[in-house]
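Each remark here refers to the structure printed beneath this line.
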Amino acid sequence: MSLLTSLSLFSSVLAPAPADLLATLRAGHPRLILLDSDLPRLRELTRSDAVAKEWLERQRAAAAKLLELPPTEFKIVGPRLLAASRSVLDRIYTLGLIYRLDGHEAVGRRAVAELRAAARWVKWNPSHFLDTAELNHAFGIGWDWLQPLLGEDRQAIREGWLRNGLQVAAEAYRNKAWWAAVSHNWNQVCNGGNAIAALAIADEEPALAAEILSAAVANLPRALRSYAPDGGWDEGPGYWHYATRYTVYCLAALQTALGTDFGLSELPGLDQAGDFRMYFCGPTGVTFNYADAHAGTGESEELLWLAQRYQKPAYAWEQRRLGGRHALDLVWLQPPGSDPQAGGYPLDRTFRGVDVTFLRGDWLSREATWVAFKGGDNAANHSHLDLGSFVLEAGGQRFLDDPGPDNYNLPGYFGSQRWTYYRLMTVGQNTLLINGANQPPRAKAPTVAFGSTPQRAYGVVDLSAAYPLCREVRRGFALLDRRDVLVVDELTAAEPVTVEWGALTTATAVVDGRRVVLTKGAATLYGDILEPATATWEVTSAVQPPPQASNEGWSRLVARPAGPVERLRLVIRWSPSPEATTPAVGPLSEWIAAAPLP
């Protein structure tokens with residue numbers, strides 16, 4: 001059965017008729033993600049695979065700790081119940097897995113207590129529907145995995161779930177809830193959580209379940225098309241994970257419960273979503289954390305499901321190296337696979353759908369030079385005003401960095417005051433600041449060139465729309481001999497403008513004329529202004545007053561020409577060697593001519 005009813009994969013989407021939707025529903029429980037028939041394989045894996053054994057012990061320890069803790073309490077912070085919702089969900093997965101694998105009823109009963117407590121909450125905060133959706137997900141898994149233990153709590157759990165979760169979701173779909181049809185993470189989380197809940201209760205509430213599931217499945221392609229054409233995600237690494245994990249949770253549940261995902265996993269770009277995850281992690285193990293993303297890699301259990309679904313063993317290699325924190329890491333664990341180098345992954349990659357590019361010195365060395373940079377769309381969900389921004393690693397250290405988001409509960413963080421906060425403003429990004437002004441919130445910057453050879457990799461972003469006072473602004477990055485990085489900026493303005501080349505760092509910075517020396521740990525990076533001769537370095541403080549994040553320990557490196565300019569070519573070389581040399585660098589027009597992108 002296919003959801004796609006036109007020649008265009010996305011122009012028309014039609015869900016299966018509710019009457020037919022549940023025709024292939026697996027009888028009985030469990031039917032979601034982990035079937036009883038999977039348990040013998042999983043138990044054998046934990047005996048034969050050292051990583052599986054380690055991850056199982058980690059889950060057992062987490063479950064044992066939860067036995068000593070009370071159930072999650074209802075607590076709204078700002079507009080969100082989300083921390084409490086996620087606590088319930090994570091606990092259900094951990095306790096439920098250990099109950100099913102080890103047969104410890106005390107662990108299973110503790111999971112039931114989590115459901116019982118949350119079922120009594122007066123509401124699941126549907127005004128911030130992510131909170132409700134994550135609890136629908138939790139109750140769907142708990143209801144499915146814990147059936148033998150529900151006992152006398154069954155009716156109270158069911159009634160609380162229907163009242164606060166399932167019926168609220170159905171009513172939201174009837175009222176055309178905004179989150180159902182958006183193209184960002186809210187779509188996958190809300191529709192995915194609701195779909196899992198519907199699949200769990202479908203045998204007892206078939207009409208309600210079919211209504212919810214039909215709406216969820218029909219709306220999911222609106223977000224899944226955001227992965228096209230090549231797997232990138234414009235909300236940044238943090239929301240890549242949130243969106244992709246819920247995509248995978250939902251697809252996995254559909255497969256186990258119905259035997260089909262209605263063609264959703266075949267939509268273009270989803271088969272490369274894990275590629276984006278592989279590339280946005282730098283050699284030091286932190287990410288290119290643009291938009292509202294923190295730098296840590298976080299959990300990515302979905303990589304293991306993607307590895308199996310799309311036959312991408314490098315995804316499994318990556319997650320075996322960094323994962324093990326989530327119960328589904330163990331459920332979806334794959335054989336060791338092959339590292340990206342052995343698997344033939346190019347060192348360099350540009351993701352055209354989101355205009356983000358990665359240039360890498362080596363796949364396996366923590367000491368490798370790595371530069372990641374972006375164009376994209378300032379209007380993307382969770383975006384900062386950061387067109388042209390980049391991060392840089394060398395010698396095992398992140399030298400030029402992104403401090404990430406500020407506190408979501410700041411006044412107007414997602415409203416009228418968003419562009420007044422330093423970490424979101426253009427001055428708080430590693431890009432150009434012209435006349436001290438923010439980039440326009442709806443500006444776009446396409447990638448216009450990308451080339452990769454063993455000796456040199458490069459890309460160019462057209463930043464003209466980001467700087468309305470200029471006729472043309474282009475920024476190019478090149479990785480030379482897989483070690484040194486060039487950043488080349490060229491602009492033409494209608495009248496003289498002030499230009500600041502800015503980048504943030506937590507390294508110790510010392511200015512020596514046209515060179516700045518960055519030291520972090522045992523590593524050193526040298527930044528040399530090659531053009532123009534009049535430009536100089538300055539190190540300024542990035543510290544901000546409350547209630548913003550203080551940015552304590554952060555500095556802003558500024559390179560600027562001597563005065564206002566109408567034309568500028570600014571070339572900066574970054575190298576781990578103080579004796580680095582750079583061949584003659586032609587204008588960016590030559591880079592574009594050599595490797596243009598349409």
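Identifiers for the structure tokens are assigned positionally: chains receive A, B, ... in sequence, residues are indexed from 1 per chain, and ligands are indexed from 1 in the order shown.
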
Using DSSP on the backbone coordinates, identify the residues of region 372-504 of chain A assigned to strand (DSSP E); present them as a ChimeraX atom specification. /A:372-374,376-377,390-394,397-400,432-434,444-445,447-452,456-462,470-480,484-497,499-504

Which residues of region 339-373 of chain A sit at most 10 Å from region 395-411 of chain A, using only C-alpha atoms? Give each one's shortest atom pair and distance in Å (one decimal place), in chain and ascending residue order, as a Markdown table.
| residue | atom | partner | partner_atom | distance |
| --- | --- | --- | --- | --- |
| A:Ser365 | CA | A:Gly396 | CA | 8.5 |
| A:Arg366 | CA | A:Gly396 | CA | 5.2 |
| A:Glu367 | CA | A:Gly395 | CA | 4.2 |
| A:Ala368 | CA | A:Gly395 | CA | 6.3 |
| A:Thr369 | CA | A:Gly395 | CA | 6.9 |
| A:Trp370 | CA | A:Arg398 | CA | 9.2 |
| A:Val371 | CA | A:Leu400 | CA | 9.3 |

Given only C-alpha atoms as the counted atoms, nearest of A:Arg567, A:Arg120, A:His384, A:Lys374 to Glu159 (chain A):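 Once distances to Glu159 (chain A) are computed over only C-alpha atoms, the minimum belongs to A:Arg120.
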
Surrounding residues of Thr447 (chain A) excluding itself and chain neighbours under 5 positions, 9 Å, only C-alpha atoms, as an MDAnalysis selection string: chainID A and resid 350 352 355:357 374:376 459:462 597:598

Those same residues, written as a PDB file, in the first residue's frame with N, CA and C atoms?
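Saved to selection-v6.pdb:
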ATOM      1  N   THR A 350      28.845  18.189   0.810  1.00  0.00           N
ATOM      2  CA  THR A 350      27.926  19.316   0.927  1.00  0.00           C
ATOM      3  C   THR A 350      26.506  18.773   0.860  1.00  0.00           C
ATOM      4  N   ARG A 352      23.010  19.697  -0.068  1.00  0.00           N
ATOM      5  CA  ARG A 352      22.399  20.736  -0.878  1.00  0.00           C
ATOM      6  C   ARG A 352      21.068  21.203  -0.324  1.00  0.00           C
ATOM      7  N   ASP A 355      22.201  23.483   2.566  1.00  0.00           N
ATOM      8  CA  ASP A 355      23.357  24.340   2.306  1.00  0.00           C
ATOM      9  C   ASP A 355      24.334  24.330   3.483  1.00  0.00           C
ATOM     10  N   VAL A 356      24.709  23.132   3.905  1.00  0.00           N
ATOM     11  CA  VAL A 356      25.713  22.941   4.954  1.00  0.00           C
ATOM     12  C   VAL A 356      26.799  22.039   4.392  1.00  0.00           C
ATOM     13  N   THR A 357      28.072  22.402   4.636  1.00  0.00           N
ATOM     14  CA  THR A 357      29.204  21.709   4.018  1.00  0.00           C
ATOM     15  C   THR A 357      30.235  21.335   5.074  1.00  0.00           C
ATOM     16  N   LYS A 374      28.062  26.907   6.857  1.00  0.00           N
ATOM     17  CA  LYS A 374      26.681  26.866   6.405  1.00  0.00           C
ATOM     18  C   LYS A 374      26.264  28.120   5.661  1.00  0.00           C
ATOM     19  N   GLY A 375      25.337  27.913   4.752  1.00  0.00           N
ATOM     20  CA  GLY A 375      24.498  28.964   4.228  1.00  0.00           C
ATOM     21  C   GLY A 375      23.125  28.717   4.824  1.00  0.00           C
ATOM     22  N   GLY A 376      22.149  28.434   3.949  1.00  0.00           N
ATOM     23  CA  GLY A 376      20.842  28.041   4.447  1.00  0.00           C
ATOM     24  C   GLY A 376      19.838  29.159   4.479  1.00  0.00           C
ATOM     25  N   GLY A 459      34.414  25.099  -0.696  1.00  0.00           N
ATOM     26  CA  GLY A 459      33.035  25.443  -0.982  1.00  0.00           C
ATOM     27  C   GLY A 459      32.852  26.943  -0.889  1.00  0.00           C
ATOM     28  N   VAL A 460      31.836  27.450  -1.555  1.00  0.00           N
ATOM     29  CA  VAL A 460      31.542  28.879  -1.565  1.00  0.00           C
ATOM     30  C   VAL A 460      30.050  29.063  -1.296  1.00  0.00           C
ATOM     31  N   VAL A 461      29.749  30.049  -0.436  1.00  0.00           N
ATOM     32  CA  VAL A 461      28.373  30.403  -0.100  1.00  0.00           C
ATOM     33  C   VAL A 461      28.122  31.836  -0.542  1.00  0.00           C
ATOM     34  N   ASP A 462      26.988  32.071  -1.170  1.00  0.00           N
ATOM     35  CA  ASP A 462      26.598  33.416  -1.592  1.00  0.00           C
ATOM     36  C   ASP A 462      25.787  34.059  -0.467  1.00  0.00           C
ATOM     37  N   LEU A 597      27.793  24.843  -8.457  1.00  0.00           N
ATOM     38  CA  LEU A 597      26.583  24.113  -8.107  1.00  0.00           C
ATOM     39  C   LEU A 597      25.411  24.876  -8.690  1.00  0.00           C
ATOM     40  N   PRO A 598      24.490  24.201  -9.352  1.00  0.00           N
ATOM     41  CA  PRO A 598      23.365  24.912  -9.977  1.00  0.00           C
ATOM     42  C   PRO A 598      22.439  25.500  -8.921  1.00  0.00           C
TER      43      PRO A 598
END

Best match for closeness to Val427 (chain A) among A:Asp481, A:Glu134, A:Asp36, A:Asp386, counting only C-alpha atoms: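 Nearest to Val427 (chain A): A:Asp386.
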
All residues 8 Å or closer to Leu254 (chain A), only C-alpha atoms, same chain fewer than 6 positions away omitted, as a PyMOL selection string: chain A and resi 32+196+199+260-261

Got a sec: who's within 8 Å of Gln429 (chain A), counting only C-alpha atoms, leaving out chain neighbours fewer than 3 positions off, as a CSV table (one decimal) with N, CA and C atoms, in the first residue's frame?
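What follows is the written file selection_38.csv:
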chain,number,residue,atom,x,y,z
A,385,LEU,N,20.7,33.9,13.4
A,385,LEU,CA,21.0,34.8,12.2
A,385,LEU,C,22.5,34.5,11.9
A,386,ASP,N,22.7,33.4,11.3
A,386,ASP,CA,24.1,32.8,11.2
A,386,ASP,C,24.5,32.4,9.8
A,389,SER,N,28.2,31.1,8.9
A,389,SER,CA,28.9,30.7,10.1
A,389,SER,C,29.6,29.4,10.0
A,402,ASP,N,30.7,27.4,18.5
A,402,ASP,CA,29.4,28.0,18.6
A,402,ASP,C,28.9,27.8,20.0
A,423,ARG,N,23.5,35.2,21.6
A,423,ARG,CA,23.7,33.9,21.0
A,423,ARG,C,23.0,33.7,19.7
A,424,LEU,N,21.9,34.5,19.5
A,424,LEU,CA,21.1,34.3,18.3
A,424,LEU,C,21.4,35.4,17.3
A,425,MET,N,21.9,36.5,17.7
A,425,MET,CA,22.2,37.6,16.8
A,425,MET,C,23.4,37.3,15.9
A,426,THR,N,23.5,38.1,14.9
A,426,THR,CA,24.7,37.9,14.0
A,426,THR,C,26.0,38.1,14.7
A,502,GLY,N,34.2,38.0,12.5
A,502,GLY,CA,34.1,37.6,13.9
A,502,GLY,C,34.0,36.1,14.0
A,503,ALA,N,34.6,35.6,15.1
A,503,ALA,CA,34.6,34.1,15.5
A,503,ALA,C,34.7,34.0,17.0
A,504,LEU,N,34.0,33.0,17.5
A,504,LEU,CA,34.0,32.8,19.0
A,504,LEU,C,34.9,31.7,19.4

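Nearest to Thr508 (chain A) of all the residues A:Ala273, A:Ala533, A:Ala522, A:Leu69 is A:Ala522, counting only C-alpha atoms.
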
Could you check which of A:Ile76, A:Ala17, A:Leu557, A:Leu220 is closest to Ala509 (chain A), using only C-alpha atoms?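 Among the listed residues, the smallest separation from Ala509 (chain A) belongs to A:Leu557.
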
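Among the candidates A:Ala170, A:Ala195, A:Ala449, A:Ala215, the one nearest to Ile592 (chain A) when counting only C-alpha atoms is A:Ala449.
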
If DSSP is run on the backbone, what residues of region 252-311 of chain A are alpha helix (DSSP H)? A reply as a JSON list (two decimals) with N, CA and C atoms, in the first residue's frame would be ideal.
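Result file states-v4.json:
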[["chain", "number", "residue", "atom", "x", "y", "z"],
["A", 252, "ALA", "N", 9.27, 2.16, 12.88],
["A", 252, "ALA", "CA", 9.50, 0.84, 13.48],
["A", 252, "ALA", "C", 8.21, 0.27, 14.06],
["A", 253, "ALA", "N", 7.42, 1.13, 14.72],
["A", 253, "ALA", "CA", 6.17, 0.66, 15.31],
["A", 253, "ALA", "C", 5.16, 0.27, 14.24],
["A", 254, "LEU", "N", 5.09, 1.04, 13.17],
["A", 254, "LEU", "CA", 4.20, 0.68, 12.07],
["A", 254, "LEU", "C", 4.58, -0.68, 11.49],
["A", 255, "GLN", "N", 5.86, -0.91, 11.31],
["A", 255, "GLN", "CA", 6.31, -2.18, 10.73],
["A", 255, "GLN", "C", 5.96, -3.36, 11.61],
["A", 256, "THR", "N", 6.21, -3.23, 12.92],
["A", 256, "THR", "CA", 5.95, -4.38, 13.79],
["A", 256, "THR", "C", 4.46, -4.58, 14.04],
["A", 257, "ALA", "N", 3.69, -3.50, 14.08],
["A", 257, "ALA", "CA", 2.27, -3.62, 14.39],
["A", 257, "ALA", "C", 1.42, -3.94, 13.18],
["A", 258, "LEU", "N", 1.78, -3.39, 12.01],
["A", 258, "LEU", "CA", 0.96, -3.54, 10.81],
["A", 258, "LEU", "C", 1.66, -4.27, 9.68],
["A", 273, "ALA", "N", 19.63, 10.28, 5.81],
["A", 273, "ALA", "CA", 19.56, 11.08, 7.03],
["A", 273, "ALA", "C", 20.71, 10.75, 7.98],
["A", 274, "GLY", "N", 21.08, 9.48, 8.05],
["A", 274, "GLY", "CA", 22.20, 9.09, 8.89],
["A", 274, "GLY", "C", 23.53, 9.63, 8.38],
["A", 275, "ASP", "N", 23.64, 9.87, 7.08],
["A", 275, "ASP", "CA", 24.86, 10.48, 6.54],
["A", 275, "ASP", "C", 25.08, 11.85, 7.18],
["A", 276, "PHE", "N", 24.00, 12.62, 7.28],
["A", 276, "PHE", "CA", 24.12, 13.95, 7.87],
["A", 276, "PHE", "C", 24.67, 13.85, 9.29],
["A", 277, "ARG", "N", 24.17, 12.88, 10.05],
["A", 277, "ARG", "CA", 24.68, 12.66, 11.41],
["A", 277, "ARG", "C", 26.16, 12.31, 11.41],
["A", 278, "MET", "N", 26.59, 11.50, 10.47],
["A", 278, "MET", "CA", 28.00, 11.12, 10.40],
["A", 278, "MET", "C", 28.88, 12.33, 10.14],
["A", 279, "TYR", "N", 28.43, 13.21, 9.26],
["A", 279, "TYR", "CA", 29.26, 14.34, 8.86],
["A", 279, "TYR", "C", 29.23, 15.48, 9.87],
["A", 280, "PHE", "N", 28.10, 15.70, 10.55],
["A", 280, "PHE", "CA", 28.06, 16.87, 11.44],
["A", 280, "PHE", "C", 28.76, 16.64, 12.77],
["A", 302, "GLU", "N", 18.51, 5.92, 16.86],
["A", 302, "GLU", "CA", 17.87, 5.76, 15.57],
["A", 302, "GLU", "C", 18.85, 5.37, 14.47],
["A", 303, "LEU", "N", 20.14, 5.69, 14.66],
["A", 303, "LEU", "CA", 21.14, 5.31, 13.66],
["A", 303, "LEU", "C", 21.16, 3.80, 13.44],
["A", 304, "LEU", "N", 20.94, 3.04, 14.49],
["A", 304, "LEU", "CA", 21.01, 1.58, 14.36],
["A", 304, "LEU", "C", 19.84, 1.04, 13.53],
["A", 305, "TRP", "N", 18.67, 1.61, 13.71],
["A", 305, "TRP", "CA", 17.54, 1.20, 12.88],
["A", 305, "TRP", "C", 17.78, 1.62, 11.43],
["A", 306, "LEU", "N", 18.27, 2.84, 11.23],
["A", 306, "LEU", "CA", 18.58, 3.30, 9.88],
["A", 306, "LEU", "C", 19.65, 2.44, 9.22],
["A", 307, "ALA", "N", 20.62, 1.98, 10.01],
["A", 307, "ALA", "CA", 21.68, 1.12, 9.47],
["A", 307, "ALA", "C", 21.10, -0.14, 8.87],
["A", 308, "GLN", "N", 20.13, -0.72, 9.58],
["A", 308, "GLN", "CA", 19.53, -1.96, 9.09],
["A", 308, "GLN", "C", 18.58, -1.71, 7.93],
["A", 309, "ARG", "N", 17.76, -0.67, 8.06],
["A", 309, "ARG", "CA", 16.75, -0.43, 7.02],
["A", 309, "ARG", "C", 17.40, -0.09, 5.68],
["A", 310, "TYR", "N", 18.50, 0.68, 5.70],
["A", 310, "TYR", "CA", 19.09, 1.16, 4.44],
["A", 310, "TYR", "C", 20.44, 0.52, 4.14]]

Nearest to Pro335 (chain A) by atom-to-atom distance, counting only C-alpha atoms, from A:Pro578, A:Cys250, A:Glu318, A:Pro313: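 Comparing A:Pro578, A:Cys250, A:Glu318, A:Pro313 against Pro335 (chain A), the winner is A:Pro313.
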
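For Asn378 (chain A), the list of residues within 7 Å, based on only C-alpha atoms and with local chain neighbours fewer than 4 positions off taken out, reads Ser383, His384, Leu385, Pro441, Arg442, Ala443 and Lys444 of chain A.
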
Grab the CA of Asp292 (chain A) to CA of Gly415 (chain A) distance for me, in Å with one decimal place.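 Between CA of Asp292 (chain A) and CA of Gly415 (chain A) the gap is 14.3 Å.
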
Please list as a list in words every residue within 9 Å of Arg60 (chain A), counting only C-alpha atoms and excluding residues in the same chain fewer than 6 positions away. Thr94, Leu95 and Ile98 of chain A

Include N, CA and C atoms and write out the residues we just selected as a PDB file, in the first residue's frame.
ATOM      1  N   THR A  94      13.390   2.021  29.711  1.00  0.00           N
ATOM      2  CA  THR A  94      14.427   1.322  30.478  1.00  0.00           C
ATOM      3  C   THR A  94      13.832   0.213  31.331  1.00  0.00           C
ATOM      4  N   LEU A  95      12.820   0.547  32.108  1.00  0.00           N
ATOM      5  CA  LEU A  95      12.201  -0.456  32.981  1.00  0.00           C
ATOM      6  C   LEU A  95      11.513  -1.549  32.172  1.00  0.00           C
ATOM      7  N   ILE A  98      14.148  -4.053  30.649  1.00  0.00           N
ATOM      8  CA  ILE A  98      14.745  -4.966  31.627  1.00  0.00           C
ATOM      9  C   ILE A  98      13.704  -5.964  32.137  1.00  0.00           C
TER      10      ILE A  98
END

Separation of CA of Ala119 (chain A) from CA of Arg158 (chain A) in Å: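 CA of Ala119 (chain A) lies 7.8 Å from CA of Arg158 (chain A).
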
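CA of Phe358 (chain A) to CA of Gly238 (chain A) spans 17.1 Å [interatomic distance, one decimal].
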